[in-house]
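Quick notes on the structure that follows.
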Amino acid sequence: MALLRVRELKRHYDVRLPGGLMGRRAKLKAVDGISFDVEKGKTLGLVGESGCGKSTTAKLVLGLIPANAGSITFDGKPVTASHDAAWRAMRRRMQMIYQDPLGALDRRLPIADQIGEPLVIHEPGLAASYRRERVAELMAAVGLRRDQAGSYPHELSGGQRQRVIIARALALSPDFLVCDEPVSALDVSIQAQVLNLLEDLRAKNGFASLFISHDLKVVRQMSNRVAVMYLGLIVEEGPPEAIFHDPMHPYTRALVSAIPTPARRGRRERIVLQGDPPNPVDKPAGCPFHPRCPSAMDICRTTPPKLIGHGPRRVACHLHDDAPETRLIAAE
Amino acid sequence: MSVASEPLLAIRDLTVEFDQGDHFVQALHGVDIVIERGQSVGIVGESGCGKSITWLAVLGLLGSRARCAGSVKLDGEQILNRPDRELTRIRGSRIAMIFQDPASSLNPVHRIGRQIGEVLMLHRGLTGRAARAEAHRLLDRVGISNALQRLDEYPHELSGGMNQRAMIAMALAGEPDLLIADEPTTALDATIQAQILDLLHELRCENDMGLVLVSHDLGVVADMAERVAVMYCGRVIEESPGDRLFDAPRHPYTRGLMAALPDIDGPKRRLKSIAGTVPPPRHLPPGCAFGPRCAHATPECATHRPDLRPAGAPRHRAACLHTDLIADSLDTGLAVPEAADAEWETA
């Protein structure tokens with residue numbers, strides 16, 4: 001049984017587009033029916049370009065915003081967005097790490113108080129001396145010095161602030177951690193420190209996580225499975241080596257080939273997609289990717305492809321509609 | 001002295017200090033960079049290393065609180081600390097610059113066509129129909145579809161990638177000899193980044209234009225630049241032809257940066273982070289600025305500031321006292337996973 005189970009999750013927003021006196025009503029389909037599992041102690045990486053619904057998914061999973069349809073189950077119990085006692089008890093076990101550490105910290109509170117705050121809220125009976133000890137342990141675990149306990153966020157560097165955020169998220173020993181672009185604001189050398197720290201903590205504490213990033217290299221480093229999102233849908237999902245070394249969906253192929261790395265220099269075999277990612281308000285009919293897809297067929301313009309299993313992975317593309325068994329037979 | 005023998009742009013011993021009221025903080029400590037005509041040079045470094053300040057200083061855009069010294073020669077002619085009146089003739093027409101965030105570099109209340117027209121009038125004396133036709137051609141050239149209609153749109157009506165294309169069109173409007181692109185794709189999505197990098201590459205080849213690509217992303221620089229300079233704490237600490245730098249980096253910091261970068265190909269390995277953090281510019285350590293974070297540091301490194309010196313190949317220089325030692329000890333093992341990391345081949 002998966003720790004987190006998401007089925008046909010949808011989140012639509014009502015928006016008004018320019019046109020007419022009051023504007024024209026439209027639906028922005030931020031997340032449009034996604035399903036995935038996160039196993040205990042494993043990491044699911046979520047990649048995609050801006051506006052594809054990664055962050056909305058994170059908020060939905062934690063019950064921070066209500067879903068329009070679909071279900072989220074955490075450890076067998078449904079996650080709702082009604083912030084009652086049951087939800088709070090569940091949120092103890094599900095924590096979040098944010099992209100912008102300065103924005104997620106209170107500027108007027110010493111960092112030790114912020115790291116200890118979840119304990120104050122969720123374990124009010126805890127003795128202050130024990131809490132201080134626990135905060136000191138957490139700070140040591142994330143590589144902050146003891147004498148920094150009284151520092152304020154502005155006195156720390158970006159990497160240190162992110163360590164504070166991680167320590168705070170781990171204060172209640174959560175089973176599940178949502179990391180929304182946790183290293184995007186950090187420099188390369190600091191990014192490596194934080195990624196290694198997260199990996200070590202995961203090995204030690206055994207939490208599962210949803211790891212969101214636009215950087216495929218970082219996601220590959222951190223994930224056991226990867227889901228690629230495009231316009232509110234998962235287009236391909238599977239083990240990172242399969243997804244990044246042998247992508248099946250044309251969008252994943254373009255995304256993977258677009259990553260510049262020192263090892264790939266000089267080999268200009270990038271698939272450059274035409275056009276911009278379309279607006280989630282005017283989602284094209286059929287496959288959402290077909291207007292930019294180099295191998296679009298007639299069926300792609302009319303029928304949305306289903307996410308179909310191909311060995312260890314799932315792909316939503318009409319190119320791979322036939323199940324792998326039948327393809328093998330055809331090839332023979 | 002013929003102009004042709006001079007490099008397009010030669011920066012020598014450039015220093016920049018900022019007036020903080022009661023004291024000066026030094027941001028650049030003597031930067032040397034030479035750019036030949038039509039060459040692409042990548043500048044890499046982490047935030048605060050001075051990679052952007054260098055180019056703002058070259059164009060005289062740092063404002064009155066900055067004190068610049070050294071020499072910046074464009075075609076052999078000194079341009080550092082020249083009066084604004086003279087620099088305006090260089091900015092945009094000889095050296096153009098594009099920035100990270102196109103939306104905040106474009107004027108939100110003017111149409112795209114008018115903003116390009118302004119450059120055309122200033123540097124090429126084009127007005128009216130001629131300017132509009134040229135603006136149309138430029139927008140078309142940078143790959144904006146429906147260019148005629150876009151001329152009359154405002155920046156908020158265009159996507160981030162389109163705005164960056166419009167910025168590039170504006171930069172090209174003055175027909176510059178050198179384009180400085182400061183993190184041109186950092187704010188853009190991966191597939192759009194690929195489009196913009198391809199465009200910059202094409203335009204450089206087409207117009208025989210020099211290109212300076214400032215980026216924190218080693219991958220982007222590796223992809224685009226013939227020469228690469230790595231900066232740390234206001235100095236160039238290594239420079240070399242691009243291939244040589246990425247195959248055989250000699251400075252421990254460059255090696256550290258590359259080992260810290262996750263890769264998409266090859267076996268998964270544990271990242272090697274660089275210990276510590278970049279020192280604040282007010283409290284630089286004596287001697288080598290990277291010394292306190294360096295695994296190869298010796299007592300000598302704390303007292304001697306190394307200058308750029310030859311590093312085992314033509315046109316490859318590194319500012320490290322121990323380049324020979326590092327070459328011998330590390331040549332084999334940069335991207336090879338250690339045995340202890342075998343467990344990282346995860347299920």
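Please note that chains go A, B, ... in the order of the structure tokens, that every chain numbers its residues from 1, and that ligands are numbered from 1 in the order shown.
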
Write out as a ChimeraX atom specification all residues of region 77-301 of chain A that DSSP puts in strand (DSSP E) for this structure's backbone. /A:77-78,94-97,176-180,208-212,225-230,233-238

Exercise answer, chain A residues close to chain B, 7 Å and only C-alpha atoms, as a PyMOL selection string: chain A and resi 49-50+187-189+192-193+196+217-218+220-221+224+255+258-262+265-266+272-273

Skipping near chain neighbours, those fewer than 4 positions away, what residues fall within 8 Å of region 149-165 of chain A using only C-alpha atoms, listed as a list in words? Ile97, Tyr98, Pro101, Leu102, Ala104, Leu105, Asp106, Arg107, Arg108, Leu109, Pro110, Ile111, Ala112, Ile115, Met139, Val142, Gly143, Leu144, Arg145, Ala169, Pro182, Ala185, Leu186, Ile190, Gln191 and Val194 of chain A

Apply DSSP to the backbone of this structure and, from region 104-200 of chain B, keep only the residues in helix (DSSP H, G or I); write these as an MDAnalysis selection string. chainID B and resid 104:105 112:124 128:141 147:150 155:157 160:173 190:200

Excluding same-chain residues fewer than 5 positions from Gly286 (chain A), what lies within 8 Å of it counting only C-alpha atoms, as a CSV table (one decimal) with all heavy atoms, in the first residue's frame?
chain,number,residue,atom,x,y,z
A,299,ILE,N,-5.0,12.0,-35.0
A,299,ILE,CA,-5.7,11.6,-33.8
A,299,ILE,C,-5.4,12.4,-32.6
A,299,ILE,O,-6.2,12.7,-31.7
A,299,ILE,CB,-5.4,10.1,-33.5
A,299,ILE,CG1,-6.3,9.6,-32.3
A,299,ILE,CG2,-4.0,9.8,-33.2
A,299,ILE,CD1,-6.1,8.1,-32.0
A,300,CYS,N,-4.2,13.0,-32.6
A,300,CYS,CA,-3.7,13.8,-31.5
A,300,CYS,C,-4.5,15.1,-31.3
A,300,CYS,O,-4.6,15.7,-30.3
A,300,CYS,CB,-2.2,14.2,-31.7
A,300,CYS,SG,-1.1,12.8,-31.9
A,301,ARG,N,-5.1,15.6,-32.5
A,301,ARG,CA,-5.8,16.8,-32.4
A,301,ARG,C,-7.2,16.6,-31.8
A,301,ARG,O,-7.8,17.6,-31.5
A,301,ARG,CB,-5.9,17.4,-33.8
A,301,ARG,CG,-4.7,18.1,-34.3
A,301,ARG,CD,-4.8,18.6,-35.8
A,301,ARG,NE,-4.0,17.7,-36.7
A,301,ARG,CZ,-2.7,17.8,-36.8
A,301,ARG,NH1,-2.0,18.6,-36.0
A,301,ARG,NH2,-2.0,17.0,-37.6
A,302,THR,N,-7.7,15.4,-31.8
A,302,THR,CA,-9.0,15.2,-31.3
A,302,THR,C,-9.2,14.4,-30.1
A,302,THR,O,-10.0,14.7,-29.2
A,302,THR,CB,-9.8,14.4,-32.4
A,302,THR,OG1,-9.1,13.3,-32.8
A,302,THR,CG2,-10.0,15.3,-33.7
A,303,THR,N,-8.3,13.4,-29.9
A,303,THR,CA,-8.5,12.5,-28.7
A,303,THR,C,-7.4,12.6,-27.7
A,303,THR,O,-6.2,12.4,-28.1
A,303,THR,CB,-8.5,11.0,-29.3
A,303,THR,OG1,-9.2,11.0,-30.5
A,303,THR,CG2,-9.1,10.1,-28.2
A,304,PRO,N,-7.7,12.9,-26.5
A,304,PRO,CA,-6.6,13.0,-25.5
A,304,PRO,C,-6.0,11.6,-25.3
A,304,PRO,O,-6.8,10.6,-25.1
A,304,PRO,CB,-7.2,13.5,-24.2
A,304,PRO,CG,-8.7,13.8,-24.6
A,304,PRO,CD,-9.0,13.2,-25.9
A,305,PRO,N,-4.7,11.4,-25.3
A,305,PRO,CA,-4.2,10.0,-25.1
A,305,PRO,C,-4.3,9.6,-23.6
A,305,PRO,O,-4.3,10.5,-22.7
A,305,PRO,CB,-2.7,10.2,-25.5
A,305,PRO,CG,-2.4,11.7,-25.3
A,305,PRO,CD,-3.7,12.4,-25.5

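Counting only C-alpha atoms, Pro306 (chain B) has the following residues at most 10 Å away, ignoring those fewer than 4 positions along the same chain: B:Ile237, B:Gly287, B:Cys288, B:Ala289, B:Glu300, B:Cys301, B:Ala318, B:Ala319, B:Cys320, B:Leu321, B:His322.
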
Since we have the selection now, will you write its residues out, keeping all heavy atoms, as a short mmCIF file (atom, residue, chain, number, x, y, z; two decimals), in the first residue's frame?
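Generated file (again-v9.cif):
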data_model
loop_
_atom_site.label_atom_id
_atom_site.label_comp_id
_atom_site.auth_asym_id
_atom_site.auth_seq_id
_atom_site.Cartn_x
_atom_site.Cartn_y
_atom_site.Cartn_z
N ILE B 237 39.74 33.43 -11.85
CA ILE B 237 40.65 32.47 -11.24
C ILE B 237 41.07 31.40 -12.23
O ILE B 237 42.01 30.66 -11.99
CB ILE B 237 40.07 31.86 -9.95
CG1 ILE B 237 38.69 31.28 -10.21
CG2 ILE B 237 40.00 32.86 -8.84
CD1 ILE B 237 38.67 29.82 -10.29
N GLY B 287 45.66 36.35 1.04
CA GLY B 287 46.14 35.30 0.15
C GLY B 287 45.06 34.88 -0.82
O GLY B 287 44.26 35.70 -1.27
N CYS B 288 44.99 33.60 -1.13
CA CYS B 288 44.01 33.09 -2.08
C CYS B 288 42.62 33.13 -1.45
O CYS B 288 42.41 32.60 -0.36
CB CYS B 288 44.37 31.66 -2.46
SG CYS B 288 43.14 30.87 -3.51
N ALA B 289 41.66 33.77 -2.14
CA ALA B 289 40.32 33.94 -1.57
C ALA B 289 39.62 32.59 -1.40
O ALA B 289 38.71 32.46 -0.59
CB ALA B 289 39.49 34.86 -2.46
N GLU B 300 51.17 28.39 2.52
CA GLU B 300 51.55 29.40 1.54
C GLU B 300 50.33 30.11 0.94
O GLU B 300 50.38 31.29 0.62
CB GLU B 300 52.35 28.71 0.43
CG GLU B 300 53.43 29.57 -0.17
CD GLU B 300 54.05 28.90 -1.37
OE1 GLU B 300 53.76 27.70 -1.62
OE2 GLU B 300 54.81 29.58 -2.08
N CYS B 301 49.23 29.35 0.78
CA CYS B 301 48.03 29.90 0.15
C CYS B 301 47.42 31.02 0.99
O CYS B 301 46.71 31.88 0.47
CB CYS B 301 46.98 28.82 -0.06
SG CYS B 301 47.52 27.52 -1.17
N ALA B 318 45.48 29.49 -14.82
CA ALA B 318 44.74 29.34 -13.58
C ALA B 318 45.48 30.07 -12.48
O ALA B 318 46.71 30.13 -12.46
CB ALA B 318 44.59 27.86 -13.22
N ALA B 319 44.72 30.65 -11.55
CA ALA B 319 45.32 31.40 -10.44
C ALA B 319 45.39 30.50 -9.22
O ALA B 319 44.56 30.61 -8.32
CB ALA B 319 44.50 32.65 -10.15
N CYS B 320 46.34 29.58 -9.23
CA CYS B 320 46.49 28.67 -8.11
C CYS B 320 47.96 28.32 -7.98
O CYS B 320 48.65 28.14 -8.98
CB CYS B 320 45.64 27.41 -8.32
SG CYS B 320 45.85 26.20 -7.01
N LEU B 321 48.45 28.24 -6.74
CA LEU B 321 49.86 27.92 -6.52
C LEU B 321 50.15 26.45 -6.81
O LEU B 321 51.28 26.06 -7.00
CB LEU B 321 50.25 28.23 -5.06
CG LEU B 321 50.14 29.69 -4.64
CD1 LEU B 321 50.39 29.83 -3.15
CD2 LEU B 321 51.14 30.54 -5.42
N HIS B 322 49.09 25.63 -6.80
CA HIS B 322 49.32 24.18 -6.84
C HIS B 322 48.75 23.52 -8.09
O HIS B 322 48.34 22.37 -8.04
CB HIS B 322 48.70 23.54 -5.61
CG HIS B 322 49.19 24.14 -4.34
ND1 HIS B 322 50.51 24.16 -4.00
CD2 HIS B 322 48.54 24.78 -3.35
CE1 HIS B 322 50.66 24.77 -2.84
NE2 HIS B 322 49.48 25.17 -2.42
#

Suppose you want the space between CA of Pro294 (chain A) and CA of His249 (chain A); what is it in Å? 11.1 Å

Using only C-alpha atoms, which residue out of A:Met229, A:Ile34, A:Val120, A:Cys179 lies closest to Leu210 (chain A)? A:Cys179

Check the smallest atom-to-atom distance from each of B:Gln100, B:Asn163, B:Ser240, B:Gln26 to Ala69 (chain B) using only C-alpha atoms, then report the winner. B:Gln26

Contacts of region 124-139 of chain B at 9 Å (only C-alpha atoms; same-chain gap of 4+ positions) as a CSV table (one decimal) with all heavy atoms, in the first residue's frame:
chain,number,residue,atom,x,y,z
B,93,SER,N,25.4,50.8,-29.6
B,93,SER,CA,25.8,50.8,-31.0
B,93,SER,C,27.1,49.9,-31.1
B,93,SER,O,27.3,49.2,-32.1
B,93,SER,CB,26.0,52.2,-31.6
B,93,SER,OG,27.2,52.7,-31.0
B,113,GLY,N,7.3,48.0,-30.7
B,113,GLY,CA,7.8,48.7,-31.9
B,113,GLY,C,8.5,50.0,-31.6
B,113,GLY,O,9.5,50.4,-32.1
B,114,ARG,N,7.9,50.8,-30.7
B,114,ARG,CA,8.4,52.1,-30.3
B,114,ARG,C,9.8,51.9,-29.6
B,114,ARG,O,10.7,52.7,-29.8
B,114,ARG,CB,7.4,52.8,-29.4
B,114,ARG,CG,8.0,54.1,-29.0
B,114,ARG,CD,7.0,55.0,-28.3
B,114,ARG,NE,7.7,56.0,-27.6
B,114,ARG,CZ,7.2,56.9,-26.8
B,114,ARG,NH1,5.9,56.9,-26.6
B,114,ARG,NH2,7.9,57.8,-26.2
B,116,ILE,N,12.0,49.5,-29.9
B,116,ILE,CA,13.0,49.2,-30.9
B,116,ILE,C,13.3,50.4,-31.7
B,116,ILE,O,14.5,50.7,-32.0
B,116,ILE,CB,12.6,48.0,-31.8
B,116,ILE,CG1,12.3,46.8,-30.9
B,116,ILE,CG2,13.7,47.7,-32.8
B,116,ILE,CD1,11.8,45.6,-31.6
B,117,GLY,N,12.3,51.2,-32.1
B,117,GLY,CA,12.4,52.4,-32.9
B,117,GLY,C,13.4,53.4,-32.2
B,117,GLY,O,14.1,54.1,-32.9
B,118,GLU,N,13.3,53.4,-30.9
B,118,GLU,CA,14.1,54.4,-30.2
B,118,GLU,C,15.6,54.1,-30.4
B,118,GLU,O,16.4,55.0,-30.6
B,118,GLU,CB,13.8,54.2,-28.7
B,118,GLU,CG,14.3,55.3,-27.8
B,118,GLU,CD,13.9,55.1,-26.3
B,118,GLU,OE1,12.9,54.4,-26.1
B,118,GLU,OE2,14.7,55.5,-25.5
B,119,VAL,N,16.0,52.8,-30.4
B,119,VAL,CA,17.3,52.4,-30.6
B,119,VAL,C,17.7,52.7,-32.0
B,119,VAL,O,18.8,53.3,-32.3
B,119,VAL,CB,17.5,50.9,-30.4
B,119,VAL,CG1,19.0,50.5,-30.5
B,119,VAL,CG2,17.0,50.5,-29.0
B,120,LEU,N,16.8,52.5,-33.0
B,120,LEU,CA,17.1,52.7,-34.4
B,120,LEU,C,17.4,54.2,-34.7
B,120,LEU,O,18.2,54.6,-35.4
B,120,LEU,CB,16.0,52.2,-35.3
B,120,LEU,CG,15.8,50.7,-35.3
B,120,LEU,CD1,14.5,50.3,-35.9
B,120,LEU,CD2,17.0,50.0,-36.0
B,143,GLY,N,12.8,35.6,-34.6
B,143,GLY,CA,11.9,34.5,-34.5
B,143,GLY,C,10.6,34.7,-33.8
B,143,GLY,O,9.9,33.8,-33.3
B,144,ILE,N,10.1,36.0,-33.8
B,144,ILE,CA,8.8,36.3,-33.3
B,144,ILE,C,7.8,36.1,-34.4
B,144,ILE,O,7.9,36.8,-35.4
B,144,ILE,CB,8.8,37.7,-32.6
B,144,ILE,CG1,9.6,37.7,-31.4
B,144,ILE,CG2,7.3,38.1,-32.3
B,144,ILE,CD1,9.6,39.0,-30.6
B,145,SER,N,6.8,35.2,-34.2
B,145,SER,CA,5.8,35.0,-35.2
B,145,SER,C,4.9,36.2,-35.2
B,145,SER,O,4.7,36.8,-34.2
B,145,SER,CB,5.1,33.7,-34.9
B,145,SER,OG,4.5,33.8,-33.7
B,146,ASN,N,4.3,36.5,-36.4
B,146,ASN,CA,3.3,37.6,-36.5
B,146,ASN,C,4.0,38.9,-36.1
B,146,ASN,O,3.4,39.7,-35.3
B,146,ASN,CB,2.2,37.2,-35.5
B,146,ASN,CG,0.9,37.7,-36.1
B,146,ASN,OD1,0.9,38.4,-37.1
B,146,ASN,ND2,-0.2,37.2,-35.5
B,147,ALA,N,5.2,39.2,-36.6
B,147,ALA,CA,6.0,40.3,-36.1
B,147,ALA,C,5.2,41.7,-36.3
B,147,ALA,O,5.3,42.5,-35.4
B,147,ALA,CB,7.3,40.3,-36.8
B,148,LEU,N,4.5,41.8,-37.4
B,148,LEU,CA,3.9,43.1,-37.6
B,148,LEU,C,2.9,43.4,-36.5
B,148,LEU,O,2.8,44.6,-36.1
B,148,LEU,CB,3.2,43.0,-39.0
B,148,LEU,CG,3.0,44.4,-39.7
B,148,LEU,CD1,4.3,45.1,-39.9
B,148,LEU,CD2,2.3,44.2,-41.1
B,150,ARG,N,3.0,42.2,-33.5
B,150,ARG,CA,3.7,42.4,-32.2
B,150,ARG,C,4.3,43.7,-32.0
B,150,ARG,O,4.5,44.2,-30.9
B,150,ARG,CB,4.8,41.3,-32.1
B,150,ARG,CG,4.3,39.9,-32.2
B,150,ARG,CD,3.6,39.5,-30.9
B,150,ARG,NE,3.2,38.1,-31.0
B,150,ARG,CZ,2.3,37.5,-30.3
B,150,ARG,NH1,1.7,38.2,-29.3
B,150,ARG,NH2,2.0,36.2,-30.4
B,151,LEU,N,4.6,44.4,-33.1
B,151,LEU,CA,5.1,45.8,-33.0
B,151,LEU,C,4.2,46.7,-32.2
B,151,LEU,O,4.7,47.6,-31.5
B,151,LEU,CB,5.3,46.4,-34.4
B,151,LEU,CG,6.5,45.9,-35.3
B,151,LEU,CD1,6.4,46.6,-36.6
B,151,LEU,CD2,7.8,46.2,-34.6
B,165,ARG,N,13.2,37.6,-26.7
B,165,ARG,CA,13.5,37.8,-28.1
B,165,ARG,C,13.4,39.3,-28.5
B,165,ARG,O,14.2,39.8,-29.3
B,165,ARG,CB,12.5,37.0,-29.0
B,165,ARG,CG,12.8,35.5,-29.0
B,165,ARG,CD,11.7,34.8,-29.7
B,165,ARG,NE,11.8,33.4,-29.4
B,165,ARG,CZ,12.4,32.5,-30.2
B,165,ARG,NH1,13.0,32.9,-31.3
B,165,ARG,NH2,12.4,31.2,-29.9
B,166,ALA,N,12.4,40.0,-28.0
B,166,ALA,CA,12.3,41.4,-28.3
B,166,ALA,C,13.5,42.2,-27.7
B,166,ALA,O,14.0,43.1,-28.4
B,166,ALA,CB,11.0,42.0,-27.7
B,168,ILE,N,16.5,41.0,-27.5
B,168,ILE,CA,17.6,40.7,-28.4
B,168,ILE,C,17.5,41.5,-29.6
B,168,ILE,O,18.4,42.0,-30.2
B,168,ILE,CB,17.6,39.1,-28.7
B,168,ILE,CG1,18.0,38.4,-27.4
B,168,ILE,CG2,18.7,38.8,-29.8
B,168,ILE,CD1,17.9,36.9,-27.5
B,169,ALA,N,16.2,41.7,-30.1
B,169,ALA,CA,16.0,42.5,-31.3
B,169,ALA,C,16.5,43.9,-31.1
B,169,ALA,O,17.1,44.5,-31.9
B,169,ALA,CB,14.5,42.4,-31.7
B,170,MET,N,16.1,44.4,-29.9
B,170,MET,CA,16.6,45.8,-29.5
B,170,MET,C,18.1,45.9,-29.5
B,170,MET,O,18.7,46.9,-29.9
B,170,MET,CB,16.0,46.2,-28.1
B,170,MET,CG,14.6,46.7,-28.2
B,170,MET,SD,14.0,47.0,-26.5
B,170,MET,CE,14.9,48.5,-26.1
B,172,LEU,N,20.2,44.1,-31.1
B,172,LEU,CA,20.7,44.0,-32.5
B,172,LEU,C,20.5,45.2,-33.3
B,172,LEU,O,21.1,45.5,-34.3
B,172,LEU,CB,20.1,42.8,-33.2
B,172,LEU,CG,20.4,41.4,-32.7
B,172,LEU,CD1,19.6,40.4,-33.5
B,172,LEU,CD2,21.9,41.1,-32.8
B,173,ALA,N,19.5,46.0,-32.9
B,173,ALA,CA,19.1,47.2,-33.6
B,173,ALA,C,20.2,48.2,-33.8
B,173,ALA,O,20.3,48.8,-34.9
B,173,ALA,CB,17.9,47.9,-32.9
B,174,GLY,N,21.2,48.2,-32.9
B,174,GLY,CA,22.3,49.1,-33.0
B,174,GLY,C,23.4,48.5,-33.8
B,174,GLY,O,24.5,49.1,-33.9
B,175,GLU,N,23.3,47.3,-34.3
B,175,GLU,CA,24.3,46.6,-35.0
B,175,GLU,C,25.6,46.6,-34.2
B,175,GLU,O,26.7,47.0,-34.7
B,175,GLU,CB,24.6,47.1,-36.4
B,175,GLU,CG,23.3,47.0,-37.2
B,175,GLU,CD,23.5,47.5,-38.6
B,175,GLU,OE1,24.2,48.6,-38.8
B,175,GLU,OE2,22.9,47.0,-39.6

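One finds CA of Ala208 (chain A) at 24.5 Å from CA of Thr252 (chain A).
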
Give me, please, the distance in Å between CA of Val41 (chain B) and CA of Thr15 (chain B), quoted to one decimal. 20.0 Å

For Leu195 (chain A), please output as a count of residues only all residues within 8 Å (counting only C-alpha atoms; exclusion window: fewer than 4 positions along the same chain). 4
